[in-house]
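Below is one structure, written out as C-alpha cells; the observations come after it.
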Amino acid sequence: MRSVVLTKGVPDFSEGAVSFNEEGHLERGKTPTVMNPNDAFALQAALQTRVRHGGHVSVMSMGPPGYKEVLGEAMESVYADDLYLLSDRECAAADTWATAITLSAGLETYQEEVGDIDLVFAGFKTADGETGHTGPQTAWAMEWPMITHALALDIEPEAGRLRAKRLVEGDVDEIETVDAPVPSFVVADPEFEPSYRKAAHRLEHCLLYTSLSG
C-alpha cells in the first residue's frame, strides 16, 4: 500500500507563543509554526495502514521553505519514508482552492514519477483557517472517491476496497459504514481511533511509539 498524508504548518496557538501587532492581528513571522493538530489523526490512519498492510508512506505539504521542520515532525510521528514540500513565491496568500489545485498537481506528479497512490489522508480542518475545505477540494480536483469524518478504517488490498465508519454530519450519535474503491481520499475525524486485530500489529505499533518516546 502506498499512502500520502497531507499536512500543513499553522501558528502555535499555545499560551505565550502567539504574537499580535498593535491592531490585534496575528504576526505569523513572529509566531512559531507547528504541524496542524488535526493532521495527527491523518498520520494515525496512515500508520495503521502501514502496520497492518505494509507499504510506503509519504508526507506532502504546500508552504514556505520553513515548512521543512513541520514535515520533519510529521515524519517522526509516522515514520514516513519521504517528504515532499511544494514551495513557490506564487503560492503566497493562496486560498483553499488554490492550495487544493497545487496539492492535486503535486499528487499527480508524484504518481507519474514515484508510484501509484492507494490512499491520500488529510486532517479534518486546520487550526488557523478552520474551513475544512482543502482536503475535499483536493479530492474533487483528483476526481477520487472521498470519505470524510472517518472514525475507523479497514482495507482489503487484494479486493481493492476499503470500508470505513464515519460520522454523519458530525453527529457523534449517528455513525454509518461506507464502502469505497481504492484509490480513495480519506479525511480523518478527530475521533479517529486506530485499531489492530493481530497481536503482531499491536506489538509493532507499541514498538514504534516506544522508539519515538525513547
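Going through the C-alpha cells in order, the chains are called A, B, and so on, while each chain numbers its residues from 1 and the ligands are numbered from 1 in the order shown.
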**Message:** At a cut-off of 9 Å, using only C-alpha atoms, what residues contact Asp88 (chain A)? Leave out same-chain residues fewer than 6 positions from it and give the result as a list in words.
**Reply:** Met62, Gly63, Pro64 and Pro65 of chain A
**Request:** Show which residues sit within 12 Å of region 173-181 of chain A, as a ChimeraX atom specification. Count only C-alpha atoms, and ignore same-chain residues fewer than 5 positions away.
**Result:** /A:118-119,144-168,186,191
**Asked** How far is it from CA of Gly123 (chain A) to CA of Glu108 (chain A), in Å with one decimal?
**Response** 19.7 Å
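For the pair CA of Phe41 (chain A) and CA of Val10 (chain A), the interatomic distance is 15.6 Å.
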**Close residues, Ser3 (chain A) itself excluded, 10 Å, only C-alpha atoms, min 6 positions apart in chain, as a ChimeraX atom specification** = /A:45-47,49-50,55-59,80,116-121,183,185
**Item:** DSSP strand (DSSP E or B) residues within region 93-139 of chain A, as a PyMOL selection string
**Value:** chain A and resi 119-122
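CA of Ser195 (chain A) is found 27.6 Å from CA of Tyr84 (chain A).
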**Asked** For Val5 (chain A), which residue among A:Asp81, A:Glu113, A:Asp39, A:Glu73 is the nearest when counting only C-alpha atoms?
**Response** A:Asp39
Using DSSP secondary structure from the backbone, list all alpha helix (DSSP H) positions within region 91-190 of chain A, as a compact mmCIF listing (two decimals) with N, CA, C and O atoms, in the first residue's frame.
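Okay, part-v5.txt is ready:
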```txt
# COMPACT_ATOMS: atom_id res chain seq x y z
N THR A 96 -7.98 28.23 -0.10
CA THR A 96 -8.07 26.77 -0.05
C THR A 96 -8.15 26.15 -1.43
O THR A 96 -7.61 25.06 -1.66
N TRP A 97 -8.81 26.83 -2.37
CA TRP A 97 -8.95 26.27 -3.71
C TRP A 97 -7.60 26.23 -4.42
O TRP A 97 -7.22 25.23 -5.02
N ALA A 98 -6.85 27.34 -4.33
CA ALA A 98 -5.52 27.37 -4.95
C ALA A 98 -4.61 26.33 -4.30
O ALA A 98 -3.80 25.67 -4.98
N THR A 99 -4.73 26.17 -2.99
CA THR A 99 -3.93 25.16 -2.30
C THR A 99 -4.29 23.76 -2.78
O THR A 99 -3.42 22.92 -3.04
N ALA A 100 -5.59 23.50 -2.93
CA ALA A 100 -6.04 22.18 -3.37
C ALA A 100 -5.56 21.87 -4.79
O ALA A 100 -5.14 20.74 -5.08
N ILE A 101 -5.61 22.86 -5.67
CA ILE A 101 -5.15 22.65 -7.05
C ILE A 101 -3.65 22.34 -7.05
O ILE A 101 -3.18 21.46 -7.79
N THR A 102 -2.89 23.06 -6.22
CA THR A 102 -1.45 22.83 -6.14
C THR A 102 -1.16 21.43 -5.60
O THR A 102 -0.32 20.70 -6.12
N LEU A 103 -1.88 21.04 -4.55
CA LEU A 103 -1.68 19.71 -3.97
C LEU A 103 -2.06 18.61 -4.95
O LEU A 103 -1.36 17.59 -5.07
N SER A 104 -3.16 18.80 -5.67
CA SER A 104 -3.58 17.77 -6.63
C SER A 104 -2.54 17.63 -7.74
O SER A 104 -2.24 16.52 -8.19
N ALA A 105 -1.96 18.76 -8.17
CA ALA A 105 -0.90 18.70 -9.18
C ALA A 105 0.33 17.97 -8.63
O ALA A 105 0.97 17.18 -9.33
N GLY A 106 0.64 18.23 -7.35
CA GLY A 106 1.76 17.54 -6.72
C GLY A 106 1.52 16.05 -6.62
O GLY A 106 2.43 15.24 -6.86
N LEU A 107 0.29 15.65 -6.30
CA LEU A 107 -0.05 14.23 -6.19
C LEU A 107 0.00 13.55 -7.56
O LEU A 107 0.45 12.40 -7.68
N GLU A 108 -0.46 14.25 -8.58
CA GLU A 108 -0.42 13.68 -9.93
C GLU A 108 1.03 13.51 -10.39
O GLU A 108 1.39 12.49 -11.01
N THR A 109 1.88 14.49 -10.09
CA THR A 109 3.29 14.37 -10.45
C THR A 109 3.94 13.22 -9.67
O THR A 109 4.76 12.47 -10.22
N TYR A 110 3.56 13.10 -8.40
CA TYR A 110 4.07 12.00 -7.57
C TYR A 110 3.75 10.66 -8.23
O TYR A 110 4.60 9.77 -8.32
N GLN A 111 2.51 10.51 -8.71
CA GLN A 111 2.12 9.24 -9.32
C GLN A 111 2.89 8.97 -10.61
O GLN A 111 3.21 7.82 -10.93
N GLU A 112 3.19 10.03 -11.34
CA GLU A 112 3.94 9.87 -12.58
C GLU A 112 5.41 9.51 -12.33
O GLU A 112 6.00 8.72 -13.07
N GLU A 113 6.00 10.08 -11.27
CA GLU A 113 7.43 9.95 -11.07
C GLU A 113 7.83 8.99 -9.95
O GLU A 113 8.97 8.49 -9.94
N THR A 134 -9.79 22.18 2.22
CA THR A 134 -8.67 21.78 1.38
C THR A 134 -8.68 20.29 1.04
O THR A 134 -8.46 19.91 -0.12
N GLY A 135 -8.93 19.44 2.02
CA GLY A 135 -8.97 18.00 1.74
C GLY A 135 -10.02 17.64 0.71
O GLY A 135 -9.70 17.04 -0.34
N PRO A 136 -11.29 17.98 0.95
CA PRO A 136 -12.33 17.67 -0.03
C PRO A 136 -12.09 18.31 -1.40
O PRO A 136 -12.36 17.69 -2.44
N GLN A 137 -11.58 19.53 -1.44
CA GLN A 137 -11.33 20.18 -2.73
C GLN A 137 -10.21 19.47 -3.49
O GLN A 137 -10.27 19.35 -4.71
N THR A 138 -9.20 18.98 -2.77
CA THR A 138 -8.13 18.24 -3.43
C THR A 138 -8.66 16.94 -4.00
O THR A 138 -8.33 16.55 -5.13
N ALA A 139 -9.51 16.24 -3.23
CA ALA A 139 -10.12 15.01 -3.73
C ALA A 139 -10.98 15.29 -4.97
O ALA A 139 -10.97 14.53 -5.93
N TRP A 140 -11.72 16.40 -4.95
CA TRP A 140 -12.56 16.77 -6.10
C TRP A 140 -11.68 17.03 -7.33
O TRP A 140 -12.01 16.58 -8.44
N ALA A 141 -10.56 17.74 -7.13
CA ALA A 141 -9.67 18.05 -8.25
C ALA A 141 -9.07 16.78 -8.85
O ALA A 141 -8.82 16.71 -10.06
N MET A 142 -8.86 15.76 -8.02
CA MET A 142 -8.30 14.50 -8.49
C MET A 142 -9.37 13.54 -9.01
O MET A 142 -9.05 12.49 -9.56
```
